[in-house]
Amino acid sequence: MPLAVELDGVSFGYRPGQRVLEGVDLKLGEGEFVAVAGPNGGGKTTLVRILLGLERPSEGRALLYGELAHRFSRRKTLGYLAQRSVLGGDAPATVREVVSAGRLAAGGLIGPLRRRDRELAAEAIARVGLEEHADSPVRTLSGGMQQRAFIAKALAGEPSLLVLDEPTTGVDVESQESLAALLDSLHSDLGVTIVYVSHEFGAVERFVQRLVLIRRSVVFDGPPGELPGVWHDPSHVHA
Amino acid sequence: MRLALGAGAVVGVLAPAVGFFLVQRRQSLTGDGIGHVAFAGVAAGILLDVAPVLTALVAAILGGIAIELLRSRGGTAGDQALALVFYTGIALGVVLISAAGALNVDLFQYLFGSILTVTRSDLVVIAALGAVGLAVVGLLYRPLAGVVIDEEGARVAGVPIGALNIAVAALAAVTVALSMRVVGILLVAALMVLPVSAAERVAWSMRSTLVLSMVIGLTSALVGLTVSYYADLPPGGTIVLVAAGAFALCAIAGSVRGR
């Protein structure tokens, strides 16, 4: 299977002597749906930033589709939902405006949206079930709907790799379940490689093929069914 | 008066169009910081006997880019970067203006505006630069709005955020230099911020916020100029007070609609 992501002996610290990540080896194949879990402060978000090329490893190397991640040339193929994605600014941006922003890199920067971009934005809105709210300001929607709008934004760019960092923070359990089902349908229908990062993986456990637990380094990597029972104990995971 | 109305109309539309992106990025005071650097440019122009508007434009562009670079690459917090450029600009201006021996009425036209003295050639320059500024805003609207909506997502997707930030700083600098004659250096940021804040209270989308802020800016400039002309009031201050009144009206309308 061709590799979408390859981390090879990656270590990283934000200041000298610090080790947020140490000796991380991780290979994610194209078309995989992988959950990356671990305790808060365990290095998940740092791992995401390195694999997306937003940070460079202190040691080791990070590759995206065979290229060094920080120099990756096909960035428009990446979709990213940042941790605690919130709308910037105070202007009442609508769902359609937010999702259309996802066509920026793929559809060209200068001038108005093209017809094809508008169609893809509308398709992404329909896929996350927000057609009725397309022209509503995002801030007037529930937390779960706002997350869906940002996922639609990421989808509008037709990504081959979709990375979601803590997408269920502040979202109720029902919305978490429907988000997991949505991601599962994206994976099976579109073949998108999905990396789902969360300190809790219960909602996606039954959908993902592979679970990676991070606590500074990789402490488990395999099918969720093979996860030792002790890791299901939240007190252990958060310790 | 017709020349003044023409200059006021251009600045009334351009200032909120550029200010929109500063306000959305929580950089409302950037226009003020650039204005203070422009003051140093005016002082340099008076000292060197070069057109102060030109030297102010150069200083404003350099100041705007310096604020952006300090903020994004220098490891300096946004408000500290602003303060650094703000105070250096005003201090340099005071020293240069003192060296030129020009602490007099001439200086006041740049500090508080002197729109009624705008000449036909001034208006041509203001209209041409204003048209260029608006065209750039129109062409870059989508990427600038996209960065406002989700900067980190745009960065991952390879959108050139650094270049866009520099473009906004340069646009703000041009706006400040053009607005000097209309509302003055000390009030220029108000025309970039108040119409946008007012529009946010009643708009229904991001695009409508931008368009409404330009309408409010234009109306404030024309109404303010007319009132100042007939009531013999200072034009810059009157324009800004009308914009503040528009903000109050929009805030009331927004809260009534929200009930």
# chains A, B, ... in the order shown; residues from 1 in each chain; ligands from 1
$ interface_residues --of "chain B" --to "chain A" --cutoff "6 Å" --atoms "only C-alpha atoms" --output "list in words"
Gln24, Arg25, Leu139, Leu140, Pro143, Gly146, Val148, Ile149, Gly153, Ala157, Gly158, Glu200, Ser205 and Met206 of chain B
$ write_last_selection --atoms "C-alpha atoms" --output "tab-separated table (two decimals), in the first residue's frame"
chain	number	residue	atom	x	y	z
B	24	GLN	CA	-11.65	40.69	11.61
B	25	ARG	CA	-8.03	39.80	12.44
B	139	LEU	CA	-9.24	40.64	-6.23
B	140	LEU	CA	-7.91	39.42	-2.87
B	143	PRO	CA	-8.06	34.63	0.18
B	146	GLY	CA	-10.42	32.65	3.91
B	148	VAL	CA	-9.88	35.31	8.57
B	149	ILE	CA	-12.23	32.29	8.65
B	153	GLY	CA	-6.54	25.49	7.73
B	157	ALA	CA	-3.59	24.04	2.38
B	158	GLY	CA	-0.62	26.13	1.21
B	200	GLU	CA	-21.20	43.73	12.11
B	205	SER	CA	-23.06	37.41	6.23
B	206	MET	CA	-19.37	38.20	5.85
$ residues_around --residues "Ala127 of chain B" --least-positions-apart "3" --cutoff "8 Å" --atoms "only C-alpha atoms" --output "list in words"
Ala7, Val10, Leu123, Val124, Gly130 and Ala131 of chain B
$ write_last_selection --atoms "N, CA and C atoms" --output "PDB file, in the first residue's frame"
ATOM      1  N   ALA B   7     -13.113  63.630  -2.478  1.00  0.00           N
ATOM      2  CA  ALA B   7     -12.044  62.998  -1.693  1.00  0.00           C
ATOM      3  C   ALA B   7     -12.649  62.216  -0.521  1.00  0.00           C
ATOM      4  N   VAL B  10     -14.148  58.860  -1.674  1.00  0.00           N
ATOM      5  CA  VAL B  10     -13.146  57.812  -1.938  1.00  0.00           C
ATOM      6  C   VAL B  10     -12.644  57.209  -0.624  1.00  0.00           C
ATOM      7  N   LEU B 123      -7.210  65.445  -5.687  1.00  0.00           N
ATOM      8  CA  LEU B 123      -8.352  64.547  -5.861  1.00  0.00           C
ATOM      9  C   LEU B 123      -8.041  63.460  -6.891  1.00  0.00           C
ATOM     10  N   VAL B 124      -7.313  63.841  -7.945  1.00  0.00           N
ATOM     11  CA  VAL B 124      -6.958  62.842  -8.971  1.00  0.00           C
ATOM     12  C   VAL B 124      -6.094  61.744  -8.343  1.00  0.00           C
ATOM     13  N   GLY B 130      -7.129  55.282  -4.620  1.00  0.00           N
ATOM     14  CA  GLY B 130      -8.297  54.644  -4.012  1.00  0.00           C
ATOM     15  C   GLY B 130      -8.856  53.546  -4.904  1.00  0.00           C
ATOM     16  N   ALA B 131      -8.893  53.816  -6.225  1.00  0.00           N
ATOM     17  CA  ALA B 131      -9.405  52.806  -7.165  1.00  0.00           C
ATOM     18  C   ALA B 131      -8.496  51.576  -7.171  1.00  0.00           C
TER      19      ALA B 131
END
$ select_by_dssp --residues "segment 99-189 of chain A" --states "helix (DSSP H, G or I)" --output "compact mmCIF listing (two decimals) with N, CA and C atoms, in the first residue's frame"
# COMPACT_ATOMS: atom_id res chain seq x y z
N VAL A 99 -17.53 27.20 4.04
CA VAL A 99 -17.21 26.02 3.22
C VAL A 99 -16.52 26.44 1.92
N SER A 100 -16.98 27.54 1.34
CA SER A 100 -16.35 28.01 0.10
C SER A 100 -14.88 28.35 0.31
N ALA A 101 -14.54 28.78 1.54
CA ALA A 101 -13.13 29.08 1.84
C ALA A 101 -12.27 27.83 1.67
N GLY A 102 -12.88 26.66 1.76
CA GLY A 102 -12.14 25.42 1.55
C GLY A 102 -11.70 25.22 0.11
N ARG A 103 -12.23 26.02 -0.82
CA ARG A 103 -11.85 25.90 -2.23
C ARG A 103 -10.68 26.83 -2.58
N LEU A 104 -10.19 27.57 -1.57
CA LEU A 104 -9.15 28.57 -1.84
C LEU A 104 -7.94 27.99 -2.56
N ALA A 105 -7.33 26.98 -1.95
CA ALA A 105 -6.08 26.46 -2.51
C ALA A 105 -6.33 25.70 -3.81
N ALA A 106 -7.41 24.91 -3.83
CA ALA A 106 -7.66 24.07 -5.01
C ALA A 106 -8.25 24.89 -6.17
N GLY A 107 -9.05 25.89 -5.87
CA GLY A 107 -9.78 26.61 -6.91
C GLY A 107 -9.12 27.88 -7.39
N ARG A 115 -17.82 28.54 -11.04
CA ARG A 115 -19.03 27.73 -10.92
C ARG A 115 -18.71 26.37 -10.29
N ARG A 116 -17.62 25.76 -10.75
CA ARG A 116 -17.23 24.44 -10.23
C ARG A 116 -16.96 24.51 -8.72
N ASP A 117 -16.33 25.60 -8.27
CA ASP A 117 -16.05 25.75 -6.84
C ASP A 117 -17.35 25.85 -6.05
N ARG A 118 -18.30 26.60 -6.61
CA ARG A 118 -19.60 26.74 -5.91
C ARG A 118 -20.31 25.40 -5.82
N GLU A 119 -20.21 24.62 -6.90
CA GLU A 119 -20.87 23.30 -6.91
C GLU A 119 -20.23 22.38 -5.87
N LEU A 120 -18.90 22.39 -5.80
CA LEU A 120 -18.22 21.51 -4.84
C LEU A 120 -18.52 21.93 -3.40
N ALA A 121 -18.62 23.24 -3.17
CA ALA A 121 -18.97 23.72 -1.83
C ALA A 121 -20.38 23.25 -1.47
N ALA A 122 -21.31 23.35 -2.43
CA ALA A 122 -22.70 22.92 -2.18
C ALA A 122 -22.74 21.41 -1.91
N GLU A 123 -21.95 20.65 -2.66
CA GLU A 123 -21.90 19.19 -2.44
C GLU A 123 -21.39 18.88 -1.03
N ALA A 124 -20.35 19.59 -0.61
CA ALA A 124 -19.78 19.35 0.72
C ALA A 124 -20.79 19.70 1.81
N ILE A 125 -21.54 20.79 1.60
CA ILE A 125 -22.56 21.18 2.58
C ILE A 125 -23.64 20.10 2.66
N ALA A 126 -24.04 19.57 1.49
CA ALA A 126 -25.07 18.52 1.46
C ALA A 126 -24.56 17.26 2.16
N ARG A 127 -23.29 16.95 1.95
CA ARG A 127 -22.73 15.72 2.51
C ARG A 127 -22.75 15.74 4.04
N GLU A 131 -27.67 21.56 4.38
CA GLU A 131 -28.27 22.35 3.28
C GLU A 131 -29.23 23.41 3.80
N GLU A 132 -30.04 23.02 4.80
CA GLU A 132 -31.04 23.97 5.30
C GLU A 132 -30.42 25.17 6.00
N HIS A 133 -29.16 24.99 6.42
CA HIS A 133 -28.50 26.07 7.16
C HIS A 133 -27.40 26.74 6.35
N VAL A 138 -22.62 30.86 10.86
CA VAL A 138 -22.12 29.66 11.55
C VAL A 138 -22.30 29.79 13.06
N ARG A 139 -22.11 30.98 13.59
CA ARG A 139 -22.17 31.15 15.05
C ARG A 139 -23.56 30.92 15.62
N THR A 140 -24.58 30.93 14.76
CA THR A 140 -25.94 30.71 15.27
C THR A 140 -26.26 29.22 15.37
N GLY A 143 -22.76 23.51 18.50
CA GLY A 143 -21.35 23.13 18.40
C GLY A 143 -21.13 22.02 17.38
N GLY A 144 -22.03 21.03 17.40
CA GLY A 144 -21.90 19.90 16.47
C GLY A 144 -22.05 20.36 15.02
N MET A 145 -23.01 21.25 14.78
CA MET A 145 -23.22 21.76 13.41
C MET A 145 -22.03 22.60 12.96
N GLN A 146 -21.47 23.37 13.89
CA GLN A 146 -20.29 24.19 13.53
C GLN A 146 -19.13 23.29 13.12
N GLN A 147 -18.96 22.18 13.85
CA GLN A 147 -17.89 21.24 13.48
C GLN A 147 -18.16 20.66 12.10
N ARG A 148 -19.43 20.36 11.81
CA ARG A 148 -19.79 19.83 10.50
C ARG A 148 -19.46 20.85 9.40
N ALA A 149 -19.72 22.12 9.70
CA ALA A 149 -19.42 23.16 8.70
C ALA A 149 -17.91 23.17 8.40
N PHE A 150 -17.09 23.05 9.46
CA PHE A 150 -15.63 23.06 9.24
C PHE A 150 -15.17 21.77 8.54
N ILE A 151 -15.85 20.65 8.82
CA ILE A 151 -15.50 19.42 8.10
C ILE A 151 -15.86 19.59 6.62
N ALA A 152 -17.03 20.19 6.36
CA ALA A 152 -17.42 20.45 4.96
C ALA A 152 -16.40 21.35 4.28
N LYS A 153 -15.88 22.32 5.03
CA LYS A 153 -14.84 23.21 4.47
C LYS A 153 -13.63 22.39 4.04
N ALA A 154 -13.22 21.47 4.94
CA ALA A 154 -12.06 20.62 4.60
C ALA A 154 -12.38 19.73 3.40
N LEU A 155 -13.62 19.24 3.33
CA LEU A 155 -14.01 18.34 2.22
C LEU A 155 -14.10 19.07 0.89
N ALA A 156 -14.47 20.35 0.95
CA ALA A 156 -14.67 21.11 -0.29
C ALA A 156 -13.39 21.16 -1.12
N VAL A 173 -22.76 13.92 22.91
CA VAL A 173 -22.49 12.52 22.55
C VAL A 173 -23.19 12.15 21.24
N GLU A 174 -24.43 12.62 21.09
CA GLU A 174 -25.19 12.30 19.87
C GLU A 174 -24.46 12.83 18.63
N SER A 175 -23.96 14.06 18.73
CA SER A 175 -23.24 14.65 17.60
C SER A 175 -21.93 13.92 17.35
N GLN A 176 -21.30 13.44 18.43
CA GLN A 176 -20.06 12.67 18.27
C GLN A 176 -20.32 11.41 17.45
N GLU A 177 -21.44 10.74 17.76
CA GLU A 177 -21.79 9.51 17.05
C GLU A 177 -22.05 9.80 15.57
N SER A 178 -22.81 10.87 15.30
CA SER A 178 -23.15 11.16 13.90
C SER A 178 -21.92 11.63 13.14
N LEU A 179 -20.99 12.31 13.85
CA LEU A 179 -19.74 12.72 13.20
C LEU A 179 -18.92 11.50 12.81
N ALA A 180 -18.87 10.52 13.72
CA ALA A 180 -18.11 9.29 13.43
C ALA A 180 -18.71 8.57 12.23
N ALA A 181 -20.05 8.51 12.17
CA ALA A 181 -20.72 7.84 11.04
C ALA A 181 -20.44 8.59 9.74
N LEU A 182 -20.43 9.93 9.83
CA LEU A 182 -20.13 10.75 8.64
C LEU A 182 -18.73 10.45 8.12
N LEU A 183 -17.76 10.39 9.04
CA LEU A 183 -16.38 10.12 8.64
C LEU A 183 -16.26 8.73 8.02
N ASP A 184 -17.00 7.79 8.60
CA ASP A 184 -16.98 6.42 8.06
C ASP A 184 -17.50 6.41 6.62
N SER A 185 -18.58 7.17 6.36
CA SER A 185 -19.13 7.19 5.00
C SER A 185 -18.16 7.91 4.05
N LEU A 186 -17.47 8.94 4.52
CA LEU A 186 -16.48 9.63 3.68
C LEU A 186 -15.37 8.68 3.29
N HIS A 187 -14.96 7.90 4.28
CA HIS A 187 -13.86 6.96 4.05
C HIS A 187 -14.27 5.89 3.05
N SER A 188 -15.46 5.33 3.25
CA SER A 188 -15.87 4.23 2.36
C SER A 188 -16.29 4.73 0.98
N ASP A 189 -16.94 5.93 0.92
CA ASP A 189 -17.43 6.43 -0.38
C ASP A 189 -16.31 7.08 -1.21
$ residues_around --residues "Val95 of chain B" --least-positions-apart "4" --cutoff "10 Å" --atoms "only C-alpha atoms" --output "PyMOL selection string"
chain B and resi 40+43-44+90-91+99-101
$ residues_around --residues "Gly8 of chain B" --least-positions-apart "2" --cutoff "9 Å" --atoms "only C-alpha atoms" --output "NGL selection string"
:B and (3-6 or 10-13 or 115 or 179 or 182-183 or 218 or 221-222 or 225)
$ write_last_selection --atoms "C-alpha atoms" --output "mmCIF file, in the first residue's frame"
data_model
loop_
_atom_site.group_PDB
_atom_site.id
_atom_site.type_symbol
_atom_site.label_atom_id
_atom_site.label_comp_id
_atom_site.auth_asym_id
_atom_site.auth_seq_id
_atom_site.Cartn_x
_atom_site.Cartn_y
_atom_site.Cartn_z
ATOM 1 C CA LEU B 3 -13.552 68.412 -4.416
ATOM 2 C CA ALA B 4 -13.828 67.750 -0.688
ATOM 3 C CA LEU B 5 -16.909 65.581 -1.219
ATOM 4 C CA GLY B 6 -15.071 63.627 -3.918
ATOM 5 C CA VAL B 10 -13.146 57.812 -1.938
ATOM 6 C CA VAL B 11 -11.734 57.601 1.576
ATOM 7 C CA GLY B 12 -15.174 56.837 3.045
ATOM 8 C CA VAL B 13 -15.388 53.707 0.879
ATOM 9 C CA ILE B 115 -10.151 68.344 3.345
ATOM 10 C CA SER B 179 -7.015 59.616 4.511
ATOM 11 C CA VAL B 182 -9.650 63.970 4.988
ATOM 12 C CA VAL B 183 -9.759 63.053 8.688
ATOM 13 C CA LEU B 218 -19.357 56.633 2.519
ATOM 14 C CA ALA B 221 -17.963 60.971 5.059
ATOM 15 C CA LEU B 222 -20.628 62.749 2.982
ATOM 16 C CA LEU B 225 -18.588 66.902 5.460
#
$ select_by_dssp --residues "segment 98-208 of chain A" --states "strand (DSSP E)" --output "PyMOL selection string"
chain A and resi 161-165+193-198
$ write_last_selection --atoms "C-alpha atoms" --output "mmCIF file, in the first residue's frame"
data_model
loop_
_atom_site.group_PDB
_atom_site.id
_atom_site.type_symbol
_atom_site.label_atom_id
_atom_site.label_comp_id
_atom_site.auth_asym_id
_atom_site.auth_seq_id
_atom_site.Cartn_x
_atom_site.Cartn_y
_atom_site.Cartn_z
ATOM 1 C CA LEU A 161 -5.666 13.233 3.387
ATOM 2 C CA LEU A 162 -8.057 14.575 6.028
ATOM 3 C CA VAL A 163 -6.661 15.272 9.508
ATOM 4 C CA LEU A 164 -9.047 16.105 12.353
ATOM 5 C CA ASP A 165 -7.571 17.227 15.663
ATOM 6 C CA THR A 193 -7.215 8.820 4.131
ATOM 7 C CA ILE A 194 -8.466 9.971 7.542
ATOM 8 C CA VAL A 195 -6.432 10.661 10.664
ATOM 9 C CA TYR A 196 -8.759 11.202 13.622
ATOM 10 C CA VAL A 197 -6.969 12.582 16.677
ATOM 11 C CA SER A 198 -8.688 12.562 20.050
#
$ closest_residue --among "B:Leu241, B:Leu144, B:Leu171, B:Leu111" --to "Val132 of chain B" --atoms "only C-alpha atoms"
B:Leu171
$ atom_distance --atom1 "atom CA of Pro235 of chain B" --atom2 "atom CA of Phe112 of chain B"
8.7 Å
$ residues_around --residues "Val34 of chain A" --least-positions-apart "3" --cutoff "6 Å" --atoms "only C-alpha atoms" --output "list in words"
Val195, Val208, Arg210 and Leu211 of chain A
$ write_last_selection --atoms "C-alpha atoms" --output "PDB file, in the first residue's frame"
ATOM      1  CA  VAL A 195      -6.432  10.661  10.664  1.00  0.00           C
ATOM      2  CA  VAL A 208     -11.355   2.669  12.372  1.00  0.00           C
ATOM      3  CA  ARG A 210      -6.264   0.973  13.280  1.00  0.00           C
ATOM      4  CA  LEU A 211      -5.671   2.704  16.567  1.00  0.00           C
TER       5      LEU A 211
END
$ atom_distance --atom1 "atom CA of Val174 of chain B" --atom2 "atom CA of Ile61 of chain B"
7.0 Å
$ residues_around --residues "Arg257 of chain B" --least-positions-apart "2" --cutoff "12 Å" --atoms "only C-alpha atoms" --output "PyMOL selection string"
chain B and resi 201-204+250-255+259
$ write_last_selection --atoms "N, CA and C atoms" --output "compact mmCIF listing (two decimals), in the first residue's frame"
# COMPACT_ATOMS: atom_id res chain seq x y z
N ARG B 201 -23.01 44.65 13.46
CA ARG B 201 -24.19 44.54 14.33
C ARG B 201 -25.45 44.19 13.55
N VAL B 202 -25.48 44.52 12.26
CA VAL B 202 -26.73 44.34 11.52
C VAL B 202 -26.58 43.44 10.28
N ALA B 203 -25.36 43.04 9.95
CA ALA B 203 -25.14 42.27 8.72
C ALA B 203 -25.58 40.82 8.91
N TRP B 204 -25.77 40.11 7.81
CA TRP B 204 -26.24 38.73 7.84
C TRP B 204 -25.22 37.76 7.25
N CYS B 250 -26.68 51.24 14.72
CA CYS B 250 -26.61 49.83 14.32
C CYS B 250 -26.63 48.91 15.54
N ALA B 251 -25.96 49.35 16.62
CA ALA B 251 -25.95 48.53 17.84
C ALA B 251 -27.37 48.39 18.39
N ILE B 252 -28.13 49.51 18.36
CA ILE B 252 -29.52 49.46 18.84
C ILE B 252 -30.34 48.55 17.93
N ALA B 253 -30.17 48.73 16.60
CA ALA B 253 -30.94 47.92 15.65
C ALA B 253 -30.60 46.44 15.81
N GLY B 254 -29.32 46.15 16.03
CA GLY B 254 -28.88 44.77 16.21
C GLY B 254 -29.47 44.14 17.45
N SER B 255 -29.52 44.92 18.54
CA SER B 255 -30.04 44.35 19.79
C SER B 255 -31.57 44.18 19.69
N ARG B 259 -33.72 40.33 19.85
CA ARG B 259 -34.68 39.98 20.92
C ARG B 259 -35.71 38.97 20.43
$ atom_distance --atom1 "atom CA of Leu26 of chain A" --atom2 "atom CA of Glu6 of chain A"
5.8 Å
$ residues_around --residues "Ala83 of chain B" --least-positions-apart "6" --cutoff "10 Å" --atoms "only C-alpha atoms" --output "list in words"
Leu29, Thr30, Gly33, Ile67, Ala77 and Gly89 of chain B
$ closest_residue --among "B:Ala177, B:Ser28, B:Gly236, B:Gly41" --to "Pro16 of chain B" --atoms "only C-alpha atoms"
B:Ser28
